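> Dropping a structure here in structure tokens format, bear with me for questions.
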Amino acid sequence: MSITITPLTDPDYRPFSRRLAWLAAGDHPVGSAYLRLNSKPTQQHLAELELAVHPADRRQGIGTRLLAAAVQGAADNDATTVLADATVGTPGDHFLTARGFTVGLCLVYTRLALADLDPRDLPDRPCAGYRLTCWAGAPPEGLIESFTRARAAMSDAPVGDIAYGVEAWDVERSRHVAEVVAQRGELLETVAALDEVTGEVVAFTELVVPGDGRGDAQHYGTAVIPSHRGKGLSRWVKAEQIRQTRTRHPQLAGLLTDTAATNHAMRRTNESLGYRETHQVNRYHYLIS
């Protein structure tokens with residue numbers, strides 16, 4: 001069967017990115033590649049690749065041809081780094097390694113099974129000098145500025161050997177994230193710790209819940225401002241979020257999160273709360289010469 005690689009028009013445009021697409025097909029589709037180009041001023045060098053070939057049609061060079069088209073597409077749009085994720089030990093993992101991609105970061109995926117959780121096992125001791133608050137959707141106007149500063153604290157999270165560039169956050173972007181989640185029909189719920197003296201957000205954790213309250217919810221981000229670390233705030237806000245989630249969404253099955261393998265502090269926090277590893281993903285990068 002003769003295979004043709006055809007570029008497609010992809011309507012998936014977003015405020016900070018757009019996507020290119022290619023289809024591999026003979027008398028039927030056998031594979032595809034999607035390349036998301038980043039338009040943020042500090043991250044225009046990045047392109048994120050998703051590539052798939054039907055198992056029955058592998059080992060015929062189709063993936064290699066799709067990859068070549070995507071890398072050329074990245075170069076044509078002035079991207080210099082192509083990122084791709086592959087679950088450790090899968091064919092995709094071996095494929096990327098064999099074609100010159102380098103592991104820049106390993107992510108550990110974990111899940112908290114809510115049905116197996118005994119609420120009495122959750123820590124309930126407050127952190128002195130702080131109080132908790134929560135909200136759904138965008139942060140309240142009185143907290144959105146300090147929340148945005150706390151959100152920026154995630155910029156020092158471990159990223160391995162990948163040069164992501166500066167992740168810029170402002171108030172409008174904080175609002176936009178909540179709007180995007182709502183447009184998808186999902187719920188964005190946040191628990192935050194406030195400094196009792198200043199009233200500002202110094203730690204938070206976010207959770208995106210399916211609109212029907214079933215299945216698994218996904219953590220978006222957890223951060224603590226550097227000057228407030230080492231006091232147990234991340235564990236405190238996460239434990240409170242688990243409690244609230246069980247009450248608000250009794251039919252929810254579990255909570256999902258992913259953490260850099262080298263982020264030992266957050267991994268210990270998650271493990272202490274009952275999260276258990278499900279798999280690991282290698283994040284590869286390829287530098288276009």
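Chain labels A, B, ... are given in the sequence in which chains occur in the structure tokens; within each chain residues are numbered consecutively from 1, and ligands are likewise numbered from 1 in the order shown.
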Among range 61-255 of chain A, which residues carry a DSSP assignment of alpha helix (DSSP H), reported as a PyMOL selection string?

chain A and resi 62-76+91-98+144-152+171-183+233-248

> Pick out each residue of range 186-270 of chain A that DSSP on the backbone tags as strand (DSSP E); I need them as a PDB file with all heavy atoms, in the first residue's frame.


ATOM      1  N   LEU A 187     -15.332  22.236  35.861  1.00  0.00           N
ATOM      2  CA  LEU A 187     -15.313  23.114  37.034  1.00  0.00           C
ATOM      3  C   LEU A 187     -13.888  23.287  37.522  1.00  0.00           C
ATOM      4  O   LEU A 187     -13.172  22.301  37.721  1.00  0.00           O
ATOM      5  CB  LEU A 187     -16.164  22.502  38.157  1.00  0.00           C
ATOM      6  CG  LEU A 187     -17.584  22.083  37.787  1.00  0.00           C
ATOM      7  CD1 LEU A 187     -18.222  21.311  38.946  1.00  0.00           C
ATOM      8  CD2 LEU A 187     -18.425  23.292  37.418  1.00  0.00           C
ATOM      9  N   LEU A 188     -13.472  24.524  37.736  1.00  0.00           N
ATOM     10  CA  LEU A 188     -12.158  24.823  38.299  1.00  0.00           C
ATOM     11  C   LEU A 188     -12.352  25.241  39.749  1.00  0.00           C
ATOM     12  O   LEU A 188     -13.000  26.253  40.025  1.00  0.00           O
ATOM     13  CB  LEU A 188     -11.477  25.942  37.516  1.00  0.00           C
ATOM     14  CG  LEU A 188     -10.120  26.420  38.050  1.00  0.00           C
ATOM     15  CD1 LEU A 188      -9.099  25.285  38.045  1.00  0.00           C
ATOM     16  CD2 LEU A 188      -9.605  27.613  37.249  1.00  0.00           C
ATOM     17  N   GLU A 189     -11.805  24.444  40.667  1.00  0.00           N
ATOM     18  CA  GLU A 189     -11.975  24.708  42.098  1.00  0.00           C
ATOM     19  C   GLU A 189     -10.607  24.878  42.754  1.00  0.00           C
ATOM     20  O   GLU A 189      -9.684  24.096  42.497  1.00  0.00           O
ATOM     21  CB  GLU A 189     -12.762  23.564  42.741  1.00  0.00           C
ATOM     22  CG  GLU A 189     -14.154  23.412  42.119  1.00  0.00           C
ATOM     23  CD  GLU A 189     -14.977  22.312  42.758  1.00  0.00           C
ATOM     24  OE1 GLU A 189     -14.420  21.509  43.536  1.00  0.00           O
ATOM     25  OE2 GLU A 189     -16.196  22.244  42.469  1.00  0.00           O
ATOM     26  N   THR A 190     -10.487  25.889  43.592  1.00  0.00           N
ATOM     27  CA  THR A 190      -9.205  26.249  44.188  1.00  0.00           C
ATOM     28  C   THR A 190      -9.333  26.372  45.699  1.00  0.00           C
ATOM     29  O   THR A 190     -10.302  26.941  46.206  1.00  0.00           O
ATOM     30  CB  THR A 190      -8.695  27.592  43.615  1.00  0.00           C
ATOM     31  OG1 THR A 190      -8.637  27.502  42.186  1.00  0.00           O
ATOM     32  CG2 THR A 190      -7.318  27.931  44.167  1.00  0.00           C
ATOM     33  N   VAL A 191      -8.347  25.849  46.399  1.00  0.00           N
ATOM     34  CA  VAL A 191      -8.184  26.073  47.832  1.00  0.00           C
ATOM     35  C   VAL A 191      -6.877  26.828  48.018  1.00  0.00           C
ATOM     36  O   VAL A 191      -5.848  26.448  47.434  1.00  0.00           O
ATOM     37  CB  VAL A 191      -8.164  24.759  48.627  1.00  0.00           C
ATOM     38  CG1 VAL A 191      -7.825  25.019  50.097  1.00  0.00           C
ATOM     39  CG2 VAL A 191      -9.508  24.045  48.514  1.00  0.00           C
ATOM     40  N   ALA A 192      -6.901  27.892  48.796  1.00  0.00           N
ATOM     41  CA  ALA A 192      -5.710  28.718  48.988  1.00  0.00           C
ATOM     42  C   ALA A 192      -5.468  28.994  50.459  1.00  0.00           C
ATOM     43  O   ALA A 192      -6.406  29.018  51.266  1.00  0.00           O
ATOM     44  CB  ALA A 192      -5.856  30.040  48.230  1.00  0.00           C
ATOM     45  N   ALA A 193      -4.203  29.215  50.785  1.00  0.00           N
ATOM     46  CA  ALA A 193      -3.812  29.640  52.132  1.00  0.00           C
ATOM     47  C   ALA A 193      -3.468  31.118  52.089  1.00  0.00           C
ATOM     48  O   ALA A 193      -2.723  31.566  51.210  1.00  0.00           O
ATOM     49  CB  ALA A 193      -2.612  28.830  52.616  1.00  0.00           C
ATOM     50  N   LEU A 194      -4.030  31.873  53.033  1.00  0.00           N
ATOM     51  CA  LEU A 194      -3.774  33.305  53.116  1.00  0.00           C
ATOM     52  C   LEU A 194      -2.902  33.613  54.322  1.00  0.00           C
ATOM     53  O   LEU A 194      -3.083  33.021  55.398  1.00  0.00           O
ATOM     54  CB  LEU A 194      -5.086  34.082  53.247  1.00  0.00           C
ATOM     55  CG  LEU A 194      -6.177  33.807  52.208  1.00  0.00           C
ATOM     56  CD1 LEU A 194      -7.375  34.722  52.479  1.00  0.00           C
ATOM     57  CD2 LEU A 194      -5.658  34.003  50.800  1.00  0.00           C
ATOM     58  N   ASP A 195      -1.974  34.526  54.137  1.00  0.00           N
ATOM     59  CA  ASP A 195      -1.195  35.035  55.257  1.00  0.00           C
ATOM     60  C   ASP A 195      -2.130  35.875  56.128  1.00  0.00           C
ATOM     61  O   ASP A 195      -2.761  36.818  55.643  1.00  0.00           O
ATOM     62  CB  ASP A 195      -0.042  35.890  54.720  1.00  0.00           C
ATOM     63  CG  ASP A 195       0.897  36.363  55.811  1.00  0.00           C
ATOM     64  OD1 ASP A 195       0.419  36.851  56.846  1.00  0.00           O
ATOM     65  OD2 ASP A 195       2.118  36.251  55.631  1.00  0.00           O
ATOM     66  N   VAL A 201      -2.653  35.676  49.155  1.00  0.00           N
ATOM     67  CA  VAL A 201      -2.493  34.258  48.832  1.00  0.00           C
ATOM     68  C   VAL A 201      -1.011  33.911  48.825  1.00  0.00           C
ATOM     69  O   VAL A 201      -0.222  34.554  48.130  1.00  0.00           O
ATOM     70  CB  VAL A 201      -3.103  33.934  47.447  1.00  0.00           C
ATOM     71  CG1 VAL A 201      -2.820  32.485  47.060  1.00  0.00           C
ATOM     72  CG2 VAL A 201      -4.600  34.209  47.445  1.00  0.00           C
ATOM     73  N   VAL A 202      -0.656  32.889  49.608  1.00  0.00           N
ATOM     74  CA  VAL A 202       0.752  32.470  49.643  1.00  0.00           C
ATOM     75  C   VAL A 202       0.911  31.003  49.233  1.00  0.00           C
ATOM     76  O   VAL A 202       2.029  30.535  49.024  1.00  0.00           O
ATOM     77  CB  VAL A 202       1.363  32.682  51.045  1.00  0.00           C
ATOM     78  CG1 VAL A 202       1.388  34.167  51.393  1.00  0.00           C
ATOM     79  CG2 VAL A 202       0.599  31.891  52.103  1.00  0.00           C
ATOM     80  N   ALA A 203      -0.208  30.297  49.103  1.00  0.00           N
ATOM     81  CA  ALA A 203      -0.168  28.910  48.648  1.00  0.00           C
ATOM     82  C   ALA A 203      -1.541  28.566  48.084  1.00  0.00           C
ATOM     83  O   ALA A 203      -2.555  29.141  48.495  1.00  0.00           O
ATOM     84  CB  ALA A 203       0.182  27.955  49.786  1.00  0.00           C
ATOM     85  N   PHE A 204      -1.584  27.625  47.144  1.00  0.00           N
ATOM     86  CA  PHE A 204      -2.874  27.229  46.569  1.00  0.00           C
ATOM     87  C   PHE A 204      -2.732  25.880  45.889  1.00  0.00           C
ATOM     88  O   PHE A 204      -1.634  25.411  45.591  1.00  0.00           O
ATOM     89  CB  PHE A 204      -3.355  28.265  45.540  1.00  0.00           C
ATOM     90  CG  PHE A 204      -2.570  28.236  44.260  1.00  0.00           C
ATOM     91  CD1 PHE A 204      -2.959  27.423  43.197  1.00  0.00           C
ATOM     92  CD2 PHE A 204      -1.417  28.995  44.129  1.00  0.00           C
ATOM     93  CE1 PHE A 204      -2.225  27.375  42.039  1.00  0.00           C
ATOM     94  CE2 PHE A 204      -0.676  28.949  42.964  1.00  0.00           C
ATOM     95  CZ  PHE A 204      -1.079  28.131  41.909  1.00  0.00           C
ATOM     96  N   THR A 205      -3.870  25.261  45.625  1.00  0.00           N
ATOM     97  CA  THR A 205      -3.937  24.067  44.787  1.00  0.00           C
ATOM     98  C   THR A 205      -5.220  24.137  43.982  1.00  0.00           C
ATOM     99  O   THR A 205      -6.267  24.553  44.488  1.00  0.00           O
ATOM    100  CB  THR A 205      -3.851  22.770  45.613  1.00  0.00           C
ATOM    101  OG1 THR A 205      -3.763  21.646  44.724  1.00  0.00           O
ATOM    102  CG2 THR A 205      -5.033  22.601  46.538  1.00  0.00           C
ATOM    103  N   GLU A 206      -5.130  23.771  42.697  1.00  0.00           N
ATOM    104  CA  GLU A 206      -6.268  23.844  41.781  1.00  0.00           C
ATOM    105  C   GLU A 206      -6.689  22.438  41.358  1.00  0.00           C
ATOM    106  O   GLU A 206      -5.854  21.547  41.205  1.00  0.00           O
ATOM    107  CB  GLU A 206      -5.897  24.609  40.508  1.00  0.00           C
ATOM    108  CG  GLU A 206      -5.488  26.048  40.735  1.00  0.00           C
ATOM    109  CD  GLU A 206      -4.902  26.653  39.476  1.00  0.00           C
ATOM    110  OE1 GLU A 206      -3.916  26.095  38.952  1.00  0.00           O
ATOM    111  OE2 GLU A 206      -5.434  27.675  39.016  1.00  0.00           O
ATOM    112  N   LEU A 207      -7.975  22.277  41.114  1.00  0.00           N
ATOM    113  CA  LEU A 207      -8.512  20.999  40.663  1.00  0.00           C
ATOM    114  C   LEU A 207      -9.561  21.262  39.589  1.00  0.00           C
ATOM    115  O   LEU A 207     -10.432  22.114  39.765  1.00  0.00           O
ATOM    116  CB  LEU A 207      -9.148  20.239  41.830  1.00  0.00           C
ATOM    117  CG  LEU A 207      -9.602  18.809  41.554  1.00  0.00           C
ATOM    118  CD1 LEU A 207      -8.400  17.892  41.379  1.00  0.00           C
ATOM    119  CD2 LEU A 207     -10.483  18.306  42.688  1.00  0.00           C
ATOM    120  N   VAL A 208      -9.471  20.533  38.482  1.00  0.00           N
ATOM    121  CA  VAL A 208     -10.472  20.617  37.416  1.00  0.00           C
ATOM    122  C   VAL A 208     -11.347  19.373  37.492  1.00  0.00           C
ATOM    123  O   VAL A 208     -10.862  18.246  37.361  1.00  0.00           O
ATOM    124  CB  VAL A 208      -9.817  20.740  36.035  1.00  0.00           C
ATOM    125  CG1 VAL A 208     -10.874  20.688  34.938  1.00  0.00           C
ATOM    126  CG2 VAL A 208      -9.032  22.043  35.941  1.00  0.00           C
ATOM    127  N   VAL A 209     -12.643  19.584  37.714  1.00  0.00           N
ATOM    128  CA  VAL A 209     -13.599  18.501  37.927  1.00  0.00           C
ATOM    129  C   VAL A 209     -14.491  18.361  36.695  1.00  0.00           C
ATOM    130  O   VAL A 209     -14.975  19.370  36.167  1.00  0.00           O
ATOM    131  CB  VAL A 209     -14.476  18.792  39.169  1.00  0.00           C
ATOM    132  CG1 VAL A 209     -15.472  17.664  39.418  1.00  0.00           C
ATOM    133  CG2 VAL A 209     -13.587  18.997  40.396  1.00  0.00           C
ATOM    134  N   GLY A 215     -16.142  10.214  37.287  1.00  0.00           N
ATOM    135  CA  GLY A 215     -14.819   9.910  36.752  1.00  0.00           C
ATOM    136  C   GLY A 215     -13.728  10.464  37.634  1.00  0.00           C
ATOM    137  O   GLY A 215     -13.858  10.507  38.867  1.00  0.00           O
ATOM    138  N   ASP A 216     -12.655  10.921  37.022  1.00  0.00           N
ATOM    139  CA  ASP A 216     -11.512  11.445  37.759  1.00  0.00           C
ATOM    140  C   ASP A 216     -11.354  12.943  37.504  1.00  0.00           C
ATOM    141  O   ASP A 216     -11.573  13.419  36.382  1.00  0.00           O
ATOM    142  CB  ASP A 216     -10.221  10.742  37.341  1.00  0.00           C
ATOM    143  CG  ASP A 216     -10.151   9.308  37.847  1.00  0.00           C
ATOM    144  OD1 ASP A 216     -10.905   8.961  38.783  1.00  0.00           O
ATOM    145  OD2 ASP A 216      -9.337   8.525  37.314  1.00  0.00           O
ATOM    146  N   ALA A 217     -10.960  13.678  38.534  1.00  0.00           N
ATOM    147  CA  ALA A 217     -10.629  15.092  38.410  1.00  0.00           C
ATOM    148  C   ALA A 217      -9.121  15.230  38.261  1.00  0.00           C
ATOM    149  O   ALA A 217      -8.353  14.358  38.676  1.00  0.00           O
ATOM    150  CB  ALA A 217     -11.122  15.866  39.628  1.00  0.00           C
ATOM    151  N   GLN A 218      -8.684  16.337  37.669  1.00  0.00           N
ATOM    152  CA  GLN A 218      -7.271  16.550  37.370  1.00  0.00           C
ATOM    153  C   GLN A 218      -6.745  17.784  38.106  1.00  0.00           C
ATOM    154  O   GLN A 218      -7.304  18.870  37.990  1.00  0.00           O
ATOM    155  CB  GLN A 218      -7.078  16.750  35.865  1.00  0.00           C
ATOM    156  CG  GLN A 218      -5.662  17.071  35.447  1.00  0.00           C
ATOM    157  CD  GLN A 218      -4.731  15.887  35.599  1.00  0.00           C
ATOM    158  OE1 GLN A 218      -4.994  14.810  35.066  1.00  0.00           O
ATOM    159  NE2 GLN A 218      -3.631  16.068  36.321  1.00  0.00           N
ATOM    160  N   HIS A 219      -5.663  17.602  38.865  1.00  0.00           N
ATOM    161  CA  HIS A 219      -4.990  18.754  39.473  1.00  0.00           C
ATOM    162  C   HIS A 219      -4.331  19.585  38.379  1.00  0.00           C
ATOM    163  O   HIS A 219      -3.702  19.039  37.477  1.00  0.00           O
ATOM    164  CB  HIS A 219      -3.909  18.294  40.458  1.00  0.00           C
ATOM    165  CG  HIS A 219      -4.459  17.787  41.752  1.00  0.00           C
ATOM    166  ND1 HIS A 219      -4.917  18.629  42.743  1.00  0.00           N
ATOM    167  CD2 HIS A 219      -4.617  16.525  42.222  1.00  0.00           C
ATOM    168  CE1 HIS A 219      -5.335  17.897  43.770  1.00  0.00           C
ATOM    169  NE2 HIS A 219      -5.166  16.624  43.481  1.00  0.00           N
ATOM    170  N   TYR A 220      -4.475  20.908  38.476  1.00  0.00           N
ATOM    171  CA  TYR A 220      -3.826  21.804  37.523  1.00  0.00           C
ATOM    172  C   TYR A 220      -2.504  22.323  38.063  1.00  0.00           C
ATOM    173  O   TYR A 220      -1.516  22.346  37.364  1.00  0.00           O
ATOM    174  CB  TYR A 220      -4.769  22.963  37.183  1.00  0.00           C
ATOM    175  CG  TYR A 220      -5.385  22.856  35.814  1.00  0.00           C
ATOM    176  CD1 TYR A 220      -5.699  21.615  35.281  1.00  0.00           C
ATOM    177  CD2 TYR A 220      -5.660  23.986  35.059  1.00  0.00           C
ATOM    178  CE1 TYR A 220      -6.283  21.499  34.036  1.00  0.00           C
ATOM    179  CE2 TYR A 220      -6.257  23.893  33.801  1.00  0.00           C
ATOM    180  CZ  TYR A 220      -6.556  22.648  33.296  1.00  0.00           C
ATOM    181  OH  TYR A 220      -7.132  22.549  32.053  1.00  0.00           O
ATOM    182  N   GLY A 221      -2.512  22.795  39.279  1.00  0.00           N
ATOM    183  CA  GLY A 221      -1.272  23.342  39.821  1.00  0.00           C
ATOM    184  C   GLY A 221      -1.336  23.460  41.324  1.00  0.00           C
ATOM    185  O   GLY A 221      -2.409  23.671  41.895  1.00  0.00           O
ATOM    186  N   THR A 222      -0.186  23.302  41.950  1.00  0.00           N
ATOM    187  CA  THR A 222      -0.036  23.538  43.386  1.00  0.00           C
ATOM    188  C   THR A 222       1.246  24.329  43.567  1.00  0.00           C
ATOM    189  O   THR A 222       2.285  23.970  43.003  1.00  0.00           O
ATOM    190  CB  THR A 222       0.056  22.218  44.170  1.00  0.00           C
ATOM    191  OG1 THR A 222      -1.133  21.451  43.955  1.00  0.00           O
ATOM    192  CG2 THR A 222       0.222  22.494  45.663  1.00  0.00           C
ATOM    193  N   ALA A 223       1.184  25.411  44.316  1.00  0.00           N
ATOM    194  CA  ALA A 223       2.377  26.233  44.491  1.00  0.00           C
ATOM    195  C   ALA A 223       2.366  26.893  45.868  1.00  0.00           C
ATOM    196  O   ALA A 223       1.304  27.164  46.436  1.00  0.00           O
ATOM    197  CB  ALA A 223       2.458  27.308  43.410  1.00  0.00           C
ATOM    198  N   VAL A 224       3.562  27.132  46.373  1.00  0.00           N
ATOM    199  CA  VAL A 224       3.763  27.876  47.617  1.00  0.00           C
ATOM    200  C   VAL A 224       4.836  28.925  47.339  1.00  0.00           C
ATOM    201  O   VAL A 224       5.885  28.614  46.764  1.00  0.00           O
ATOM    202  CB  VAL A 224       4.221  26.958  48.770  1.00  0.00           C
ATOM    203  CG1 VAL A 224       4.409  27.771  50.053  1.00  0.00           C
ATOM    204  CG2 VAL A 224       3.223  25.829  48.991  1.00  0.00           C
ATOM    205  N   LEU A 252     -17.525  11.360  42.386  1.00  0.00           N
ATOM    206  CA  LEU A 252     -16.202  11.424  41.765  1.00  0.00           C
ATOM    207  C   LEU A 252     -15.368  10.219  42.212  1.00  0.00           C
ATOM    208  O   LEU A 252     -15.370   9.854  43.385  1.00  0.00           O
ATOM    209  CB  LEU A 252     -15.514  12.728  42.163  1.00  0.00           C
ATOM    210  CG  LEU A 252     -14.380  13.228  41.258  1.00  0.00           C
ATOM    211  CD1 LEU A 252     -14.915  13.557  39.869  1.00  0.00           C
ATOM    212  CD2 LEU A 252     -13.739  14.465  41.882  1.00  0.00           C
ATOM    213  N   ALA A 253     -14.647   9.616  41.267  1.00  0.00           N
ATOM    214  CA  ALA A 253     -13.905   8.380  41.573  1.00  0.00           C
ATOM    215  C   ALA A 253     -12.498   8.629  42.086  1.00  0.00           C
ATOM    216  O   ALA A 253     -12.015   7.914  42.968  1.00  0.00           O
ATOM    217  CB  ALA A 253     -13.849   7.484  40.331  1.00  0.00           C
ATOM    218  N   GLY A 254     -11.811   9.630  41.530  1.00  0.00           N
ATOM    219  CA  GLY A 254     -10.418   9.809  41.933  1.00  0.00           C
ATOM    220  C   GLY A 254      -9.876  11.161  41.537  1.00  0.00           C
ATOM    221  O   GLY A 254     -10.509  11.936  40.810  1.00  0.00           O
ATOM    222  N   LEU A 255      -8.668  11.457  42.022  1.00  0.00           N
ATOM    223  CA  LEU A 255      -7.948  12.687  41.704  1.00  0.00           C
ATOM    224  C   LEU A 255      -6.626  12.317  41.065  1.00  0.00           C
ATOM    225  O   LEU A 255      -5.898  11.448  41.562  1.00  0.00           O
ATOM    226  CB  LEU A 255      -7.700  13.518  42.967  1.00  0.00           C
ATOM    227  CG  LEU A 255      -8.911  13.816  43.863  1.00  0.00           C
ATOM    228  CD1 LEU A 255      -8.481  14.702  45.029  1.00  0.00           C
ATOM    229  CD2 LEU A 255     -10.030  14.463  43.072  1.00  0.00           C
ATOM    230  N   LEU A 256      -6.283  12.981  39.961  1.00  0.00           N
ATOM    231  CA  LEU A 256      -5.065  12.698  39.211  1.00  0.00           C
ATOM    232  C   LEU A 256      -4.092  13.856  39.317  1.00  0.00           C
ATOM    233  O   LEU A 256      -4.498  15.026  39.327  1.00  0.00           O
ATOM    234  CB  LEU A 256      -5.395  12.472  37.734  1.00  0.00           C
ATOM    235  CG  LEU A 256      -6.452  11.415  37.396  1.00  0.00           C
ATOM    236  CD1 LEU A 256      -6.723  11.420  35.902  1.00  0.00           C
ATOM    237  CD2 LEU A 256      -5.991  10.042  37.854  1.00  0.00           C
ATOM    238  N   THR A 257      -2.817  13.537  39.355  1.00  0.00           N
ATOM    239  CA  THR A 257      -1.803  14.578  39.336  1.00  0.00           C
ATOM    240  C   THR A 257      -0.532  14.032  38.722  1.00  0.00           C
ATOM    241  O   THR A 257      -0.326  12.820  38.662  1.00  0.00           O
ATOM    242  CB  THR A 257      -1.528  15.118  40.757  1.00  0.00           C
ATOM    243  OG1 THR A 257      -0.675  16.266  40.674  1.00  0.00           O
ATOM    244  CG2 THR A 257      -0.861  14.068  41.630  1.00  0.00           C
ATOM    245  N   ASP A 258       0.308  14.925  38.231  1.00  0.00           N
ATOM    246  CA  ASP A 258       1.623  14.525  37.735  1.00  0.00           C
ATOM    247  C   ASP A 258       2.672  15.462  38.306  1.00  0.00           C
ATOM    248  O   ASP A 258       2.429  16.662  38.480  1.00  0.00           O
ATOM    249  CB  ASP A 258       1.667  14.516  36.202  1.00  0.00           C
ATOM    250  CG  ASP A 258       1.367  15.876  35.599  1.00  0.00           C
ATOM    251  OD1 ASP A 258       0.199  16.167  35.346  1.00  0.00           O
ATOM    252  OD2 ASP A 258       2.325  16.647  35.380  1.00  0.00           O
ATOM    253  N   THR A 259       3.832  14.898  38.599  1.00  0.00           N
ATOM    254  CA  THR A 259       4.898  15.630  39.280  1.00  0.00           C
ATOM    255  C   THR A 259       6.231  15.240  38.679  1.00  0.00           C
ATOM    256  O   THR A 259       6.446  14.058  38.354  1.00  0.00           O
ATOM    257  CB  THR A 259       4.915  15.293  40.788  1.00  0.00           C
ATOM    258  OG1 THR A 259       3.594  15.435  41.314  1.00  0.00           O
ATOM    259  CG2 THR A 259       5.858  16.197  41.555  1.00  0.00           C
ATOM    260  N   ALA A 260       7.125  16.195  38.520  1.00  0.00           N
ATOM    261  CA  ALA A 260       8.469  15.872  38.049  1.00  0.00           C
ATOM    262  C   ALA A 260       9.110  14.868  38.997  1.00  0.00           C
ATOM    263  O   ALA A 260       8.983  14.988  40.221  1.00  0.00           O
ATOM    264  CB  ALA A 260       9.312  17.134  37.959  1.00  0.00           C
TER     265      ALA A 260
END

> Between CA of Asn38 in chain A and CA of Arg149 in chain A, what is the distance in Å, rounded to a tenth?

22.6 Å

> If we count only C-alpha atoms, what is near range 44-58 of chain A at a cut-off of 8 Å, once residues fewer than 2 positions away on the same chain are taken out, given as a ChimeraX atom specification?

/A:30-42,60-63,66-67,70,74,78-85,164
